[in-house]
Amino acid sequence: MSEVKIEGEKQLHGTVKVNGAKNATLPIMAAALLTEGRTVLDRVPRLTDVRTLGIILDALGLSVERSNEHTLELKIEDEKNCECPHKHAISMRAGICVLGPLLAKRGYARVPLPGGCVLGDRPVDLHLKGLRAMGAEIKQRGGYIIASADKLKGNRIYLGGPHGSTVLGTANILMAATLAEGVTLIEHAATEPEICDLANYLKKCGASITGAGTHTIEVEGVQQLEGCLHHIIPDRIEAGTFACAVAIAGGDIILKDARADHMAALRDVMEYMGVNFEIGSKIIRVRREGPLKATDCTALPYPGLPTDMQPQLLSVLTTAMGTSVLTDSVYPERFTHIGELARLGADIVRQGPQAVIRGPASLSGAYVQASDLRGGAALILAGLGSEGETVVTGIEHVDRGYERLDEKLTALGAKIVRKGAPPFQAGQLQLPFHKQAG
Ligand code: EPU
């Protein structure tokens with residue numbers, strides 16, 4: 001297990017470059033299954049989730065090569081295998097993204113059911129409902145989704161669920177609809193920027209899509225999609241995580257290549273708390289000088305506060321003056337980090353989908369364990385604000401979605417030492433995915 005050791009209470013100063021978004025990259029990589037030509041994706045972050053999906057796609061006959069540190073080239077070599085490899089698919093939620101493209105392009109898919117995880121139950125009923133409405137026959141056997149369709153047909157599909165829209169469900173139906181016969185109308189579609197990025201990629205490949213970014217997306221199926229060159233949008237969650245790091249540690253940093261328009265809800269909450277944001281062209285300056293004020297807030301689908309920022313914001317709120325209530329209405333169970341934050345001295349009580357935080361806590365370093373991606377980032381941030389030394393284990397969870405978070409924070413003035421090799425060295429290219437050991 002990898003770990004980092006953090007010596008806390010060091011202010012952050014300097015500039016950090018924000019990478020391309022993980023949650024835009026993964027569905028767009030899967031969407032390349034729909035195409036005939038070559039796709040070149042630029043600003044692809046170096047993450048273990050990207051590598052895992054690359055291995056899955058490689059098994060499905062899509063060659064995936066990193067031609068440059070942040071550039072992937074994808075091209076279909078062979079369309080015979082429609083079975084998603086179990087070992088890799090169950091290790092990440094985004095494996096489900098191959099379902100729509102395989103069904104639309106090859107007429108058959110056998111994909112492992114993603115299970116529940118530390119975020120709580122993560123059903124795929126809305127993905128399956130949408131594909132069935134397009135004429136797919138779907139059964140579940142031996143832990144797999146087995147889906148077939150001679151030719152998918154456009155339909156009107158409502159994708160709202162008990163917790164709002166579904167991001168990857170919208171991605172799956174959107175991708176499937178591009179090659180379906182006729183028109184598909186997706187109602188209560190997710191409006192996340194990552195869905196717009198996927199729609200923009202598909203449009204460049206030749207798809208006919210209107211309404212992405214609103215709750216109603218219309219797709220008119222086409223015969224064939226070509227590949228294209230596409231630049232992945234900046235990662236609003238990585239940028240937000242650095243903003244939270246400054247809020248906890250204090251200091252003054254510049255986020256380079258950040259999209260302020262994708263971060264309005266987070267900025268609103270943090271500005272109220274006393275964090276200063278100055279927006280320039282493709283940069284955001286974030287400063288925190290004085291004490292922070294407590295606040296109440298709720299994670300909601302976009303354009304609301306992202307659930308993927310809830311754990312990091314929870315860490316920040318432990319250091320704010322007064323009592324805060326943080327609710328997660330997207331993943332009401334996403335609170336495994338609370339117990340570990342308590343080891344650092346945080347005063348948090350969980351009440352169903354809400355965390356009640358009494359601050360300011362005087363955090364002091366301890367040994368804590370990350371059990372998921374954003375919860376792990378939240379523990380590193382809390383370590384920055386703790387007196388003395390904090391050790392966070394389970395850093396492989398953090399490597400799934402952040403490219404060298406420890407090194408980037410160190411470059412801003414944090415004192416962090418990593419035990420164990422990082423998954424990727426700066427400047428070093430990865431082997432083609434088919435030559436990598438699992
Ligand atoms: N849901 C259903 N039925 C479904 C699908 C979802 O009830 O068929 C529920 C979920 O249980 C949840 C809510 O709907 O309560 C939203 O889930 P959604 O489907 O939107 O999540 P996702 O698409 O599987 C993506 C991101 C997550 C992010 C969520 C919400 C990727 C690869 N994952 O997951 O990212 O939290 O949207 O914004 O895009 C992360 O990056 O750390 C991460 C977990």
# chains A, B, ... in the order shown; residues from 1 in each chain; ligands from 1
$ closest_atom_pairs --of "chain A" --to "ligand 1" --cutoff "9 Å" --atoms "only C-alpha atoms and all ligand atoms" --output "Markdown table"
| residue | atom | partner | partner_atom_place_in_ligand_line | distance |
| --- | --- | --- | --- | --- |
| A:Lys22 | CA | ligand 1 | 41 (O) | 7.1 |
| A:Asn23 | CA | ligand 1 | 39 (O) | 4.0 |
| A:Ala24 | CA | ligand 1 | 39 (O) | 6.9 |
| A:Thr25 | CA | ligand 1 | 32 (C) | 8.7 |
| A:Leu26 | CA | ligand 1 | 32 (C) | 6.4 |
| A:Pro27 | CA | ligand 1 | 32 (C) | 7.4 |
| A:Asp49 | CA | ligand 1 | 32 (C) | 8.9 |
| A:Met92 | CA | ligand 1 | 32 (C) | 8.0 |
| A:Arg93 | CA | ligand 1 | 32 (C) | 6.1 |
| A:Ala94 | CA | ligand 1 | 32 (C) | 4.7 |
| A:Gly95 | CA | ligand 1 | 32 (C) | 8.5 |
| A:Ile96 | CA | ligand 1 | 24 (O) | 8.6 |
| A:Cys97 | CA | ligand 1 | 32 (C) | 8.6 |
| A:Gly116 | CA | ligand 1 | 11 (O) | 8.9 |
| A:Leu119 | CA | ligand 1 | 44 (C) | 7.5 |
| A:Gly120 | CA | ligand 1 | 11 (O) | 7.3 |
| A:Asp121 | CA | ligand 1 | 11 (O) | 5.7 |
| A:Arg122 | CA | ligand 1 | 11 (O) | 4.1 |
| A:Pro123 | CA | ligand 1 | 3 (N) | 4.7 |
| A:Val124 | CA | ligand 1 | 8 (O) | 3.2 |
| A:Asp125 | CA | ligand 1 | 8 (O) | 4.0 |
| A:Leu126 | CA | ligand 1 | 8 (O) | 3.5 |
| A:His127 | CA | ligand 1 | 8 (O) | 5.1 |
| A:Leu128 | CA | ligand 1 | 8 (O) | 7.2 |
| A:Lys129 | CA | ligand 1 | 8 (O) | 8.1 |
| A:Leu159 | CA | ligand 1 | 8 (O) | 8.3 |
| A:Gly160 | CA | ligand 1 | 14 (O) | 8.2 |
| A:Gly161 | CA | ligand 1 | 7 (O) | 5.2 |
| A:Pro162 | CA | ligand 1 | 7 (O) | 5.9 |
| A:His163 | CA | ligand 1 | 13 (C) | 4.9 |
| A:Gly164 | CA | ligand 1 | 14 (O) | 6.1 |
| A:Ser165 | CA | ligand 1 | 20 (O) | 6.0 |
| A:Thr166 | CA | ligand 1 | 20 (O) | 3.4 |
| A:Val167 | CA | ligand 1 | 23 (O) | 3.8 |
| A:Leu168 | CA | ligand 1 | 23 (O) | 3.5 |
| A:Gly169 | CA | ligand 1 | 19 (O) | 5.7 |
| A:Thr170 | CA | ligand 1 | 23 (O) | 7.9 |
| A:Ala171 | CA | ligand 1 | 23 (O) | 8.1 |
| A:Ala190 | CA | ligand 1 | 20 (O) | 7.4 |
| A:Glu192 | CA | ligand 1 | 38 (O) | 7.7 |
| A:Glu194 | CA | ligand 1 | 39 (O) | 7.7 |
| A:Ile237 | CA | ligand 1 | 41 (O) | 7.9 |
| A:Leu300 | CA | ligand 1 | 38 (O) | 8.2 |
| A:Pro301 | CA | ligand 1 | 38 (O) | 6.2 |
| A:Tyr302 | CA | ligand 1 | 38 (O) | 7.6 |
| A:Pro306 | CA | ligand 1 | 38 (O) | 6.3 |
| A:Thr307 | CA | ligand 1 | 36 (O) | 5.7 |
| A:Asp308 | CA | ligand 1 | 36 (O) | 5.1 |
| A:Met309 | CA | ligand 1 | 42 (O) | 8.5 |
| A:Ser329 | CA | ligand 1 | 15 (O) | 7.5 |
| A:Val330 | CA | ligand 1 | 15 (O) | 4.6 |
| A:Tyr331 | CA | ligand 1 | 15 (O) | 4.8 |
| A:Pro332 | CA | ligand 1 | 15 (O) | 7.4 |
| A:Asp372 | CA | ligand 1 | 42 (O) | 8.0 |
| A:Leu373 | CA | ligand 1 | 42 (O) | 5.8 |
| A:Arg374 | CA | ligand 1 | 42 (O) | 5.5 |
| A:Gly375 | CA | ligand 1 | 42 (O) | 8.7 |
| A:Arg400 | CA | ligand 1 | 42 (O) | 8.9 |
| A:Gly401 | CA | ligand 1 | 41 (O) | 6.7 |
$ write_last_selection --atoms "C-alpha atoms" --output "PDB file, in the first residue's frame"
ATOM      1  CA  LYS A  22     -10.795  12.278 -15.521  1.00  0.00           C
ATOM      2  CA  ASN A  23     -14.571  12.079 -15.797  1.00  0.00           C
ATOM      3  CA  ALA A  24     -14.526  13.536 -19.314  1.00  0.00           C
ATOM      4  CA  THR A  25     -11.602  11.375 -20.464  1.00  0.00           C
ATOM      5  CA  LEU A  26     -13.069   7.995 -19.462  1.00  0.00           C
ATOM      6  CA  PRO A  27     -16.401   8.106 -21.396  1.00  0.00           C
ATOM      7  CA  ASP A  49      -8.232   4.743 -13.973  1.00  0.00           C
ATOM      8  CA  MET A  92     -13.771   0.896 -11.802  1.00  0.00           C
ATOM      9  CA  ARG A  93     -17.247   2.308 -12.321  1.00  0.00           C
ATOM     10  CA  ALA A  94     -16.466   3.730 -15.756  1.00  0.00           C
ATOM     11  CA  GLY A  95     -16.138   0.193 -17.199  1.00  0.00           C
ATOM     12  CA  ILE A  96     -19.933   0.412 -17.685  1.00  0.00           C
ATOM     13  CA  CYS A  97     -19.297   3.060 -20.387  1.00  0.00           C
ATOM     14  CA  GLY A 116     -21.696  -1.216  -4.722  1.00  0.00           C
ATOM     15  CA  LEU A 119     -19.932   5.627  -1.970  1.00  0.00           C
ATOM     16  CA  GLY A 120     -22.952   3.351  -1.317  1.00  0.00           C
ATOM     17  CA  ASP A 121     -25.179   1.416  -3.750  1.00  0.00           C
ATOM     18  CA  ARG A 122     -24.410   2.315  -7.334  1.00  0.00           C
ATOM     19  CA  PRO A 123     -27.171   0.775  -9.461  1.00  0.00           C
ATOM     20  CA  VAL A 124     -27.238   0.855 -13.280  1.00  0.00           C
ATOM     21  CA  ASP A 125     -31.017   0.456 -13.652  1.00  0.00           C
ATOM     22  CA  LEU A 126     -31.323   3.754 -15.556  1.00  0.00           C
ATOM     23  CA  HIS A 127     -28.623   2.735 -18.079  1.00  0.00           C
ATOM     24  CA  LEU A 128     -30.496  -0.542 -18.710  1.00  0.00           C
ATOM     25  CA  LYS A 129     -33.906   1.129 -18.833  1.00  0.00           C
ATOM     26  CA  LEU A 159     -33.273   9.314 -17.151  1.00  0.00           C
ATOM     27  CA  GLY A 160     -34.200  10.892 -13.800  1.00  0.00           C
ATOM     28  CA  GLY A 161     -33.709   8.704 -10.707  1.00  0.00           C
ATOM     29  CA  PRO A 162     -34.139   9.058  -6.934  1.00  0.00           C
ATOM     30  CA  HIS A 163     -30.949  11.151  -6.714  1.00  0.00           C
ATOM     31  CA  GLY A 164     -31.430  13.239  -9.843  1.00  0.00           C
ATOM     32  CA  SER A 165     -29.883  12.645 -13.239  1.00  0.00           C
ATOM     33  CA  THR A 166     -27.218  10.023 -13.947  1.00  0.00           C
ATOM     34  CA  VAL A 167     -23.939  11.140 -15.492  1.00  0.00           C
ATOM     35  CA  LEU A 168     -22.632   7.860 -16.930  1.00  0.00           C
ATOM     36  CA  GLY A 169     -26.214   6.735 -17.683  1.00  0.00           C
ATOM     37  CA  THR A 170     -26.618   9.839 -19.853  1.00  0.00           C
ATOM     38  CA  ALA A 171     -23.207   9.116 -21.430  1.00  0.00           C
ATOM     39  CA  ALA A 190     -27.236  15.056 -16.810  1.00  0.00           C
ATOM     40  CA  GLU A 192     -22.343  18.082 -16.269  1.00  0.00           C
ATOM     41  CA  GLU A 194     -18.130  16.221 -18.865  1.00  0.00           C
ATOM     42  CA  ILE A 237     -12.563  18.640  -9.350  1.00  0.00           C
ATOM     43  CA  LEU A 300     -26.343  18.239  -5.959  1.00  0.00           C
ATOM     44  CA  PRO A 301     -26.118  17.354  -9.660  1.00  0.00           C
ATOM     45  CA  TYR A 302     -24.520  20.073 -11.847  1.00  0.00           C
ATOM     46  CA  PRO A 306     -20.339  18.542  -6.915  1.00  0.00           C
ATOM     47  CA  THR A 307     -20.499  15.442  -4.742  1.00  0.00           C
ATOM     48  CA  ASP A 308     -16.898  14.873  -5.870  1.00  0.00           C
ATOM     49  CA  MET A 309     -15.941  17.981  -3.830  1.00  0.00           C
ATOM     50  CA  SER A 329     -27.981  14.283  -1.867  1.00  0.00           C
ATOM     51  CA  VAL A 330     -26.216  12.517  -4.765  1.00  0.00           C
ATOM     52  CA  TYR A 331     -24.426   9.882  -2.650  1.00  0.00           C
ATOM     53  CA  PRO A 332     -26.023   9.976   0.826  1.00  0.00           C
ATOM     54  CA  ASP A 372     -11.658   5.964  -1.772  1.00  0.00           C
ATOM     55  CA  LEU A 373     -10.445   8.592  -4.226  1.00  0.00           C
ATOM     56  CA  ARG A 374     -11.985  11.859  -2.989  1.00  0.00           C
ATOM     57  CA  GLY A 375     -11.990  10.745   0.661  1.00  0.00           C
ATOM     58  CA  ARG A 400      -6.902   6.652  -9.607  1.00  0.00           C
ATOM     59  CA  GLY A 401      -8.039  10.232 -10.122  1.00  0.00           C
TER      60      GLY A 401
END
$ residues_around --residues "range 255-259 of chain A" --least-positions-apart "2" --cutoff "9 Å" --atoms "only C-alpha atoms" --output "list in words"
Gly14, Thr15, Val16, Lys17, Val18, Asn19, Ile233, Pro234, Asp235, Arg236, Ala239, Phe242, Ala243, Ile253, Asp261, His262, Met263, Ser281, Lys282, Ile283, Ile284, Arg285 and Val286 of chain A
$ closest_residue --among "A:Val417, A:Leu326, A:Leu72, A:Leu292" --to "Ile338 in chain A" --atoms "only C-alpha atoms"
A:Leu326
$ select_by_dssp --residues "range 317-377 of chain A" --states "strand (DSSP E or B)" --output "list in words"
Met321, Gly322, Thr323, Ser324, Val325, Leu326, Thr327, Asp328, Asp347, Ile348, Val349, Arg350, Gln351, Gln354, Ala355, Val356, Ile357, Arg358, Gly359, Ser364, Tyr367, Val368 and Gln369 of chain A
$ residues_around --residues "Thr319 in chain A" --least-positions-apart "3" --cutoff "10 Å" --atoms "only C-alpha atoms" --output "ChimeraX atom specification"
/A:247-249,291-294,314-316,322,346-347,357-363,382,385-386
